[in-house]
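Source file: run-v7.cif. Holds: mmCIF, C-alpha atoms.
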data_query
loop_
_atom_site.label_atom_id
_atom_site.label_comp_id
_atom_site.auth_asym_id
_atom_site.auth_seq_id
_atom_site.Cartn_x
_atom_site.Cartn_y
_atom_site.Cartn_z
CA MET A 15 83.44 -16.05 81.41
CA ILE A 16 82.13 -18.03 84.35
CA ARG A 17 79.71 -16.46 86.81
CA PHE A 18 78.89 -17.40 90.40
CA VAL A 19 75.53 -16.07 91.54
CA LEU A 20 75.75 -15.69 95.32
CA GLY A 21 72.91 -14.85 97.68
CA VAL A 22 73.11 -13.44 101.17
CA GLU A 23 73.31 -16.92 102.69
CA ASP A 24 76.07 -17.90 100.29
CA LEU A 25 78.15 -14.90 101.29
CA ALA A 26 77.55 -15.78 104.92
CA ASP A 27 78.85 -19.28 104.13
CA THR A 28 81.96 -18.09 102.29
CA ARG A 29 84.99 -19.83 103.79
CA PHE A 30 88.62 -20.60 103.10
CA ALA A 31 90.38 -23.96 102.94
CA LEU A 32 93.69 -25.58 102.03
CA SER A 33 93.97 -28.33 99.43
CA PRO A 34 97.23 -30.30 99.28
CA LEU A 35 95.93 -32.42 96.39
CA GLY A 36 94.73 -29.30 94.61
CA GLU A 37 98.19 -27.73 95.00
CA THR A 38 99.75 -30.91 93.64
CA MET A 39 97.55 -30.71 90.56
CA GLU A 40 98.21 -26.98 90.14
CA SER A 41 101.95 -27.65 90.22
CA LEU A 42 101.63 -29.85 87.13
CA ARG A 43 100.73 -26.73 85.17
CA VAL A 44 104.06 -25.21 86.23
CA LEU A 45 105.94 -28.26 84.94
CA ARG A 46 104.09 -28.20 81.65
CA ASP A 47 104.23 -24.48 80.85
CA PRO A 48 107.01 -22.76 82.83
CA GLY A 49 106.75 -19.56 80.81
CA ARG A 50 103.63 -18.57 82.75
CA TYR A 51 105.16 -19.18 86.16
CA ALA A 52 108.28 -17.10 86.65
CA LEU A 53 107.95 -17.05 90.44
CA GLN A 54 107.84 -20.86 90.63
CA LEU A 55 110.82 -21.56 88.36
CA PRO A 56 113.22 -22.26 91.28
CA TRP A 57 110.77 -24.89 92.57
CA ARG A 58 110.40 -26.36 89.07
CA ARG A 59 114.15 -26.75 88.59
CA GLY A 60 114.48 -28.58 91.89
CA ALA A 61 111.46 -30.81 91.24
CA LEU A 62 112.62 -31.91 87.80
CA ARG A 63 115.92 -33.12 89.23
CA ARG A 64 114.10 -35.47 91.62
CA LEU A 65 111.36 -36.96 89.45
CA THR A 66 113.25 -40.07 88.38
CA GLY A 67 110.89 -43.04 88.49
CA VAL A 68 107.70 -40.97 88.21
CA ASP A 69 105.53 -41.42 85.10
CA THR A 70 105.63 -37.78 84.04
CA THR A 71 104.01 -38.62 80.69
CA LEU A 72 100.87 -39.73 82.49
CA LEU A 73 100.94 -36.75 84.85
CA MET A 74 101.46 -34.21 82.06
CA ALA A 75 98.49 -35.72 80.23
CA LEU A 76 96.30 -34.50 83.10
CA VAL A 77 96.83 -30.89 81.98
CA GLY A 78 94.96 -29.90 78.84
CA ASP A 79 96.27 -27.64 76.08
CA ARG A 80 94.28 -24.81 77.66
CA HIS A 81 95.56 -25.74 81.14
CA ALA A 82 92.37 -27.37 82.39
CA ILE A 83 92.75 -30.13 84.98
CA PRO A 84 90.24 -32.84 85.95
CA ASP A 85 87.69 -31.78 88.56
CA HIS A 86 87.67 -35.14 90.35
CA LEU A 87 91.42 -34.77 91.03
CA THR A 88 90.81 -31.43 92.75
CA PRO A 89 88.11 -32.51 95.23
CA ARG A 90 86.35 -29.88 97.28
CA PRO A 91 88.06 -29.71 100.70
CA GLU A 92 85.63 -30.97 103.35
CA THR A 93 87.62 -29.43 106.21
CA PHE A 94 89.87 -26.41 106.59
CA ALA A 95 93.06 -28.45 106.18
CA PRO A 96 92.40 -31.94 104.77
CA ARG A 97 95.17 -34.52 104.58
CA PHE A 98 96.59 -35.32 101.16
CA ASP A 99 95.85 -39.04 101.59
CA ASP A 100 92.21 -38.32 102.44
CA GLN A 101 91.76 -36.15 99.36
CA LEU A 102 93.50 -38.73 97.18
CA ALA A 103 91.22 -41.46 98.55
CA ALA A 104 88.21 -39.36 97.54
CA ALA A 105 89.64 -38.94 94.04
CA ARG A 106 90.34 -42.68 93.78
CA ALA A 107 86.77 -43.48 94.83
CA ALA A 108 85.20 -41.29 92.13
CA PRO A 109 82.69 -43.25 89.97
CA PRO A 110 84.03 -44.30 86.56
CA GLY A 111 81.42 -42.16 84.84
CA ARG A 112 82.67 -39.02 86.53
CA VAL A 113 86.32 -39.93 85.94
CA ARG A 114 85.58 -40.45 82.26
CA ARG A 115 83.70 -37.15 82.02
CA ASP A 116 86.44 -35.15 83.78
CA LEU A 117 89.39 -36.66 81.89
CA LEU A 118 87.73 -36.16 78.51
CA ALA A 119 86.56 -32.62 79.37
CA VAL A 120 90.15 -31.52 80.00
CA HIS A 121 91.05 -32.19 76.36
CA ALA A 122 87.70 -31.41 74.70
CA PRO A 123 86.87 -30.91 71.93
CA GLY A 124 89.88 -32.96 70.85
CA PRO A 125 90.67 -36.57 71.80
CA PRO A 126 92.66 -37.40 74.94
CA PRO A 127 96.41 -38.09 74.60
CA ALA A 128 97.62 -41.68 74.32
CA ALA A 129 98.36 -41.89 78.05
CA LEU A 130 94.65 -41.31 78.74
CA ALA A 131 93.25 -43.40 75.91
CA ASP A 132 91.43 -45.68 78.35
CA ALA A 133 89.36 -42.72 79.54
CA ALA A 134 87.02 -43.44 76.63
CA ALA A 135 86.84 -47.19 77.36
CA ASP A 136 84.54 -49.27 79.59
CA ASP A 137 84.16 -48.65 83.32
CA ALA A 138 86.70 -51.29 84.37
CA ARG A 139 89.47 -49.78 82.27
CA VAL A 140 88.56 -46.26 83.40
CA ALA A 141 88.81 -47.40 87.03
CA ARG A 142 92.23 -48.98 86.42
CA LEU A 143 93.41 -45.79 84.72
CA ASN A 144 92.23 -43.70 87.66
CA ASP A 145 94.07 -46.00 90.08
CA ALA A 146 97.25 -45.61 88.05
CA ILE A 147 96.85 -41.82 88.04
CA CYS A 148 96.35 -41.72 91.82
CA ASP A 149 99.38 -43.93 92.38
CA GLU A 150 101.56 -41.58 90.35
CA LEU A 151 100.13 -38.52 92.04
CA ARG A 152 101.03 -39.97 95.41
CA ARG A 153 104.65 -40.59 94.32
CA TYR A 154 104.84 -37.12 92.83
CA TRP A 155 103.44 -35.45 95.97
CA HIS A 156 106.04 -37.09 98.21
CA ILE A 157 108.90 -36.09 95.90
CA ALA A 158 107.96 -32.65 94.59
CA VAL A 159 105.42 -31.00 96.89
CA ARG A 160 105.41 -32.53 100.36
CA PRO A 161 108.96 -31.37 101.25
CA HIS A 162 107.79 -27.77 100.76
CA TRP A 163 104.31 -28.14 102.24
CA PRO A 164 105.01 -26.75 105.76
CA GLN A 165 106.39 -23.50 104.29
CA MET A 166 103.68 -23.38 101.63
CA ARG A 167 101.02 -23.75 104.30
CA LEU A 168 102.39 -20.79 106.25
CA VAL A 169 102.21 -18.59 103.15
CA LEU A 170 98.68 -19.80 102.35
CA GLU A 171 97.43 -19.25 105.88
CA ALA A 172 98.91 -15.75 105.93
CA ASP A 173 97.06 -15.02 102.69
CA MET A 174 93.78 -16.27 104.14
CA THR A 175 94.23 -14.06 107.19
CA TYR A 176 94.79 -11.05 104.94
CA ARG A 177 91.74 -11.88 102.76
CA ALA A 178 89.51 -12.45 105.79
CA ARG A 179 90.52 -9.02 107.07
CA ARG A 180 89.64 -7.49 103.69
CA LEU A 181 86.24 -9.18 103.81
CA ALA A 182 85.61 -7.98 107.36
CA THR A 183 86.59 -4.37 106.68
CA GLY A 184 85.34 -3.87 103.12
CA GLY A 185 82.86 -6.62 102.31
CA ALA A 186 82.75 -8.88 99.25
CA ARG A 187 83.68 -6.09 96.84
CA ALA A 188 86.94 -5.37 98.66
CA LEU A 189 87.71 -9.08 98.99
CA PHE A 190 87.44 -9.85 95.28
CA ALA A 191 88.83 -6.53 94.02
CA GLY A 192 92.25 -7.30 95.46
CA MET A 193 92.40 -10.96 94.50
CA HIS A 194 93.07 -10.83 90.78
CA PRO A 195 92.27 -8.57 87.77
CA ASN A 196 90.16 -11.37 86.25
CA LEU A 197 87.67 -11.18 89.14
CA ARG A 198 84.82 -8.68 89.28
CA TRP A 199 82.05 -8.43 91.86
CA ASP A 200 78.81 -6.82 90.67
CA ASP A 201 75.37 -6.93 92.28
CA GLY A 202 75.66 -10.36 93.87
CA VAL A 203 77.48 -12.00 90.95
CA LEU A 204 81.18 -12.92 90.88
CA HIS A 205 82.43 -12.66 87.29
CA ILE A 206 85.52 -14.71 86.41
CA ASP A 207 86.98 -13.50 83.12
CA LYS A 208 89.24 -15.25 80.60
CA MET A 209 87.89 -18.73 81.29
CA ILE A 210 87.48 -21.68 78.92
CA GLY A 211 83.92 -22.24 80.12
CA ARG A 212 80.95 -20.00 79.46
CA HIS A 213 78.36 -20.76 82.11
CA THR A 214 76.61 -19.47 85.22
CA VAL A 215 76.54 -21.34 88.52
CA HIS A 216 73.85 -20.49 91.06
CA ALA A 217 75.21 -21.19 94.53
CA ALA A 218 71.67 -21.68 95.87
CA GLY A 219 72.72 -21.99 99.50
CA ARG A 220 75.89 -24.02 98.88
CA GLY A 221 78.18 -21.11 99.77
CA LEU A 222 81.53 -20.27 98.20
CA LEU A 223 84.81 -21.99 98.98
CA LEU A 224 88.03 -20.00 98.43
CA VAL A 225 91.29 -21.93 98.09
CA PRO A 226 94.58 -20.00 97.82
CA SER A 227 97.37 -21.58 95.80
CA VAL A 228 101.08 -20.94 95.46
CA PHE A 229 101.06 -22.51 91.98
CA ALA A 230 98.00 -20.84 90.43
CA HIS A 231 98.70 -17.88 88.12
CA LYS A 232 95.05 -16.86 87.76
CA PRO A 233 91.66 -17.77 89.31
CA ALA A 234 90.58 -21.33 88.55
CA PRO A 235 86.99 -22.48 89.15
CA PRO A 236 85.88 -26.08 88.42
CA VAL A 237 85.57 -27.00 84.74
CA SER A 238 82.09 -28.51 85.13
CA PRO A 239 79.08 -26.23 85.79
CA ASP A 240 77.64 -29.00 87.97
CA GLU A 241 80.26 -28.49 90.70
CA PRO A 242 79.48 -26.27 93.75
CA PRO A 243 81.09 -22.81 93.68
CA LEU A 244 84.80 -23.10 94.41
CA LEU A 245 87.58 -20.73 93.44
CA VAL A 246 91.29 -21.45 93.48
CA TYR A 247 93.18 -18.16 93.36
CA PRO A 248 96.85 -17.04 93.42
CA SER A 249 98.17 -16.54 96.93
CA ARG A 250 100.13 -13.52 98.09
CA GLY A 251 103.73 -13.94 99.17
CA VAL A 252 104.68 -16.70 96.71
CA ALA A 253 107.99 -15.06 95.79
CA THR A 254 109.21 -15.45 99.37
CA LEU A 255 108.95 -19.24 99.12
CA TRP A 256 111.56 -19.75 96.44
CA ARG A 257 113.62 -16.58 96.89
CA PRO A 258 117.21 -17.32 97.94
CA ALA A 259 118.26 -16.10 101.36
CA PRO A 260 120.04 -12.73 101.29
CA ALA A 261 123.83 -12.79 101.24
CA ASP A 262 123.83 -11.30 104.73
CA THR A 263 121.65 -13.88 106.48
CA ALA A 264 121.40 -11.98 109.75
CA PRO A 265 118.54 -9.47 109.93
CA ALA A 266 120.92 -6.50 109.99
CA THR A 267 120.87 -4.66 106.65
CA GLY A 268 117.96 -2.28 107.06
CA ALA A 269 114.22 -2.53 106.53
CA ASP A 270 112.99 -4.88 103.82
CA GLY A 271 110.82 -2.67 101.70
CA GLY A 272 110.09 -0.05 104.38
CA GLY A 273 110.13 3.62 103.38
CA GLY A 274 112.25 4.79 106.33
CA GLY A 275 115.57 3.49 104.90
CA ASP A 276 118.76 4.35 106.77
CA ALA A 277 116.93 6.70 109.14
CA LEU A 278 114.61 3.93 110.26
CA ALA A 279 117.55 1.59 110.79
CA ALA A 280 119.31 4.27 112.83
CA LEU A 281 116.20 4.72 114.96
CA LEU A 282 115.30 1.07 115.59
CA GLY A 283 118.49 -0.78 114.76
CA ALA A 284 118.96 -2.59 111.45
CA PRO A 285 117.50 -5.99 112.53
CA ARG A 286 114.26 -4.52 113.85
CA ALA A 287 113.97 -2.10 110.91
CA ARG A 288 114.16 -4.98 108.44
CA LEU A 289 111.68 -6.98 110.49
CA LEU A 290 109.19 -4.10 110.66
CA GLY A 291 109.48 -3.64 106.91
CA MET A 292 108.43 -7.28 106.35
CA LEU A 293 105.28 -7.09 108.43
CA GLY A 294 102.93 -5.46 105.93
CA GLU A 295 101.10 -8.82 105.95
CA PRO A 296 100.36 -11.06 108.94
CA LEU A 297 103.18 -13.56 109.48
CA PRO A 298 104.01 -16.14 112.16
CA THR A 299 107.38 -16.21 113.86
CA VAL A 300 108.54 -19.37 112.10
CA GLU A 301 107.85 -17.92 108.65
CA ILE A 302 109.68 -14.69 109.49
CA ALA A 303 112.63 -16.73 110.73
CA ARG A 304 112.61 -18.81 107.54
CA ARG A 305 112.66 -15.75 105.31
CA LEU A 306 115.51 -14.19 107.26
CA SER A 307 117.43 -17.46 107.75
CA VAL A 308 117.66 -16.92 111.51
CA THR A 309 116.27 -18.77 114.53
CA PRO A 310 112.67 -18.20 115.71
CA SER A 311 114.00 -17.24 119.15
CA ALA A 312 116.03 -14.38 117.63
CA VAL A 313 112.94 -13.15 115.79
CA SER A 314 110.83 -13.42 118.95
CA GLN A 315 113.18 -11.13 120.87
CA HIS A 316 112.83 -8.37 118.25
CA LEU A 317 109.07 -8.86 117.93
CA LYS A 318 108.68 -8.50 121.70
CA ILE A 319 110.41 -5.11 121.60
CA LEU A 320 108.46 -3.90 118.56
CA HIS A 321 105.18 -4.98 120.14
CA ALA A 322 106.01 -3.23 123.41
CA ALA A 323 106.74 -0.05 121.43
CA GLY A 324 103.33 -0.24 119.72
CA LEU A 325 104.83 -0.76 116.26
CA VAL A 326 103.54 -4.33 115.84
CA ALA A 327 100.14 -5.88 116.53
CA ARG A 328 99.62 -9.56 117.17
CA ALA A 329 96.69 -11.97 117.06
CA ARG A 330 96.39 -15.72 117.46
CA ASP A 331 95.24 -17.73 114.45
CA GLY A 332 94.93 -21.41 115.31
CA ARG A 333 98.38 -22.77 116.07
CA HIS A 334 100.19 -19.56 115.22
CA MET A 335 100.60 -16.10 116.67
CA LEU A 336 100.53 -13.72 113.71
CA TYR A 337 102.37 -10.41 113.73
CA ARG A 338 101.62 -7.38 111.57
CA ARG A 339 102.63 -3.74 111.58
CA SER A 340 100.33 -1.56 113.65
CA PRO A 341 98.98 1.71 112.20
CA LEU A 342 101.86 3.47 113.97
CA GLY A 343 104.31 1.01 112.40
CA ASP A 344 102.77 1.66 108.97
CA ARG A 345 103.27 5.40 109.39
CA LEU A 346 106.83 4.92 110.52
CA THR A 347 107.78 2.76 107.52
CA GLY A 348 105.73 4.73 104.99
CA PRO A 349 106.93 7.67 102.86
CA HIS A 350 107.22 10.99 104.65
CA THR A 351 105.09 13.68 102.99
CA ALA A 352 105.78 16.64 105.28
CA PRO A 353 108.52 19.12 104.28
CA GLU A 354 111.82 18.53 106.00
CA THR A 355 111.74 21.98 107.62
CA THR A 356 108.33 21.39 109.20
CA PRO A 357 108.50 19.85 112.69
CA GLU A 358 106.07 17.05 113.58
CA PRO A 359 105.22 17.32 117.27
CA SER A 360 102.98 14.27 117.03
CA MET A 361 105.95 12.04 116.24
CA CYS A 362 107.82 13.43 119.24
CA SER A 363 104.87 12.85 121.53
CA LYS A 364 104.68 9.25 120.46
#

Represent the supplied structure as structure tokens.
Amino acid sequence: MIRFVLGVEDLADTRFALSPLGETMESLRVLRDPGRYALQLPWRRGALRRLTGVDTTLLMALVGDRHAIPDHLTPRPETFAPRFDDQLAAARAAPPGRVRRDLLAVHAPGPPPAALADAAADDARVARLNDAICDELRRYWHIAVRPHWPQMRLVLEADMTYRARRLATGGARALFAGMHPNLRWDDGVLHIDKMIGRHTVHAAGRGLLLVPSVFAHKPAPPVSPDEPPLLVYPSRGVATLWRPAPADTAPATGADGGGGGDALAALLGAPRARLLGMLGEPLPTVEIARRLSVTPSAVSQHLKILHAAGLVARARDGRHMLYRRSPLGDRLTGPHTAPETTPEPSMCSK
């Protein structure tokens, strides 16, 4: 178990960030051990077909037998959305001593694999090895991750919006309770269960950085206890990234997951019923359009009607306008608990 001890100031400095290099490193775990990552298998199949010319032996050596990855290759994001090249430059510039420590720690207590044998050598050879690793990571990013990054980012930003709302309405306990079963918040300490490490990190005014990931299957803090508190955690909505489009690509087959079924479709029309069913989490227009395989303009027309009817709420988040079901929309799509013979005047009045 790893523990983060967080004071009042650390909670006040809790923030979210994206990490394209971190996602790239997390994806290597999917390639190495697909049995743990059922949701990402469609991505894995596509990536493997395109990795010709990439030194996958070297890249796979970066994932330990217990799925640890080197801390210096998952640098702490300095901004909300750093560029991959900037993060890679930071990893390339890591001192040889830190590179050596991180590469060896991934495979401790055993020796590193042959591809990383130079990790135990002098500083010059460690630096050359790190350069080679960064070169391969850059090739791999452009082939396997970058083509999906715009859609991944939409899913990650939607998750952050949801988590921020949980934090605002329920505090730290509500935030961590819904993140993953391995997380437990108790009296100012975040407990992270089922970890390789056994240590306690005192934030001591450094705050906590939360990084959602579409490739993580459980929370992943840094390996070293010397690193500031950072937690990579599994994002919501990952299944929508790799799920094939429905056979009927127009939004006209009823609500997607809503409890109103055929009655809701009869009331709103099938396209808007399906759309309302999707909006249990905040989503931008472009992501809704991607999931439904329709144009953003078609989605916008339906959203405008649903918003005017009070069934959808909207809020701007940076570049995007996010849409989510309103409380009235939640009641309309939720299960009906009143007996069928009992009239509901409140529904008629609304």

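Computed from the coordinates, the atom CA of A:Ile157 to atom CA of A:Arg63 distance equals 10.1 Å.
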
Practice item. Within 7 Å of A:Ala105, counting all atoms listed in the file, which residues show up once you throw out same-chain ones fewer than 5 positions away? Write them as an NGL selection string, please. Key: :A and (86-87 or 89)

Review point. Looking at all atoms listed in the file, which of A:Pro126, A:Gly211, A:Pro248, A:Pro161 is the one that sits closest to A:Asp79?
Key: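 Of the candidates, the smallest distance to A:Asp79 is held by A:Pro126.
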
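Across the model, the gap from atom CA of A:Ile147 to atom CA of A:Pro109 is 14.4 Å.
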
Review point. Using all atoms listed in the file, which of A:Ala172, A:Ala103, A:Ala158, A:Leu72 sits nearest A:Leu117?
Key: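 Using all atoms listed in the file, the shortest distance to A:Leu117 belongs to A:Leu72.
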
Check your understanding: Given the choices A:Arg220, A:Arg330, A:Arg179, A:Arg339, which gets closest to A:Phe18 if the distance is worked out from only C-alpha atoms?
Key -> A:Arg220

Practice item. Given the file shown, enumerate the residues that the PyMOL selection byres ((chain A and resi 243) around 12) captures and present them as JSON, numbers by chain. Key: {"A": [16, 17, 18, 19, 20, 24, 25, 27, 28, 29, 90, 203, 204, 206, 214, 215, 216, 217, 218, 219, 220, 221, 222, 223, 224, 225, 234, 235, 236, 237, 238, 239, 240, 241, 242, 244, 245, 246]}

Exercise for review: Excluding A:Val77 and residues on its chain fewer than 5 positions from it, collect all residues at most 12 Å away from it, counting only C-alpha atoms, and give them as a list in words.
Suggested key: Met39, Glu40, Ser41, Leu42, Arg43, Val44, Leu45, Arg46, Asp47, Thr70, Thr71, Leu72, Ala82, Ile83, Pro84, Asp85, Leu87, Asp116, Leu117, Leu118, Ala119, Val120, His121, Ala122, Pro126, Pro127, Ala129 and Leu130 of chain A

Those selected residues, please, written with C-alpha atoms and delivered as a short mmCIF file (atom, residue, chain, number, x, y, z; two decimals), in the frame of the given file.
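Saved as out.cif:
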data_model
loop_
_atom_site.label_atom_id
_atom_site.label_comp_id
_atom_site.auth_asym_id
_atom_site.auth_seq_id
_atom_site.Cartn_x
_atom_site.Cartn_y
_atom_site.Cartn_z
CA MET A 39 97.55 -30.71 90.56
CA GLU A 40 98.21 -26.98 90.14
CA SER A 41 101.95 -27.65 90.22
CA LEU A 42 101.63 -29.85 87.13
CA ARG A 43 100.73 -26.73 85.17
CA VAL A 44 104.06 -25.21 86.23
CA LEU A 45 105.94 -28.26 84.94
CA ARG A 46 104.09 -28.20 81.65
CA ASP A 47 104.23 -24.48 80.85
CA THR A 70 105.63 -37.78 84.04
CA THR A 71 104.01 -38.62 80.69
CA LEU A 72 100.87 -39.73 82.49
CA ALA A 82 92.37 -27.37 82.39
CA ILE A 83 92.75 -30.13 84.98
CA PRO A 84 90.24 -32.84 85.95
CA ASP A 85 87.69 -31.78 88.56
CA LEU A 87 91.42 -34.77 91.03
CA ASP A 116 86.44 -35.15 83.78
CA LEU A 117 89.39 -36.66 81.89
CA LEU A 118 87.73 -36.16 78.51
CA ALA A 119 86.56 -32.62 79.37
CA VAL A 120 90.15 -31.52 80.00
CA HIS A 121 91.05 -32.19 76.36
CA ALA A 122 87.70 -31.41 74.70
CA PRO A 126 92.66 -37.40 74.94
CA PRO A 127 96.41 -38.09 74.60
CA ALA A 129 98.36 -41.89 78.05
CA LEU A 130 94.65 -41.31 78.74
#

Would you place a box with edges along x, y and z of the file around all atoms of stretch 175-192 of chain A listed there, add 6 Å to each of its six sides, and report the centre and edge lengths in Å to one decimal, as AutoDock Vina command-line options?
--center_x 88.8 --center_y -9.0 --center_z 100.7 --size_x 24.0 --size_y 22.2 --size_z 25.3

**Study point:** Result set, the PyMOL selection byres ((chain A and resi 292) around 10) on current file, as a VMD selection string
**Key:** chain A and resid 269 to 272 286 to 291 293 to 297 302 305 to 306 338 to 339

Review point. Distance atom CA of A:Glu301-atom CA of A:Gln165, one decimal place?
Key: 7.2 Å

Check your understanding: So, counting all atoms listed in the file, which residue among A:Leu151, A:Leu346, A:Ala95, A:Gln54 is closest to A:Met74?
Key ->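 For A:Met74, the nearest of the candidates is A:Leu151.
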
Check your understanding: Neighbours of A:Pro341 within 10 Å (only C-alpha atoms; same-chain residues fewer than 3 positions away dropped), as number ranges by chain?
Key -> A: 324-327, 338, 344-346

Review point. With all atoms listed in the file as the atoms that count, which of A:Arg153, A:Gln101, A:Met166, A:Pro285 lies nearest to A:Val308?
Key: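 For A:Val308, the nearest of the given residues is A:Pro285.
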
Point to revise | Neighbour list for A:Gly192 as a PyMOL selection string, cut-off 12 Å, only C-alpha atoms, skip fewer than 4 positions in-chain | key: chain A and resi 173+176-181+184-188+196-199+247-250
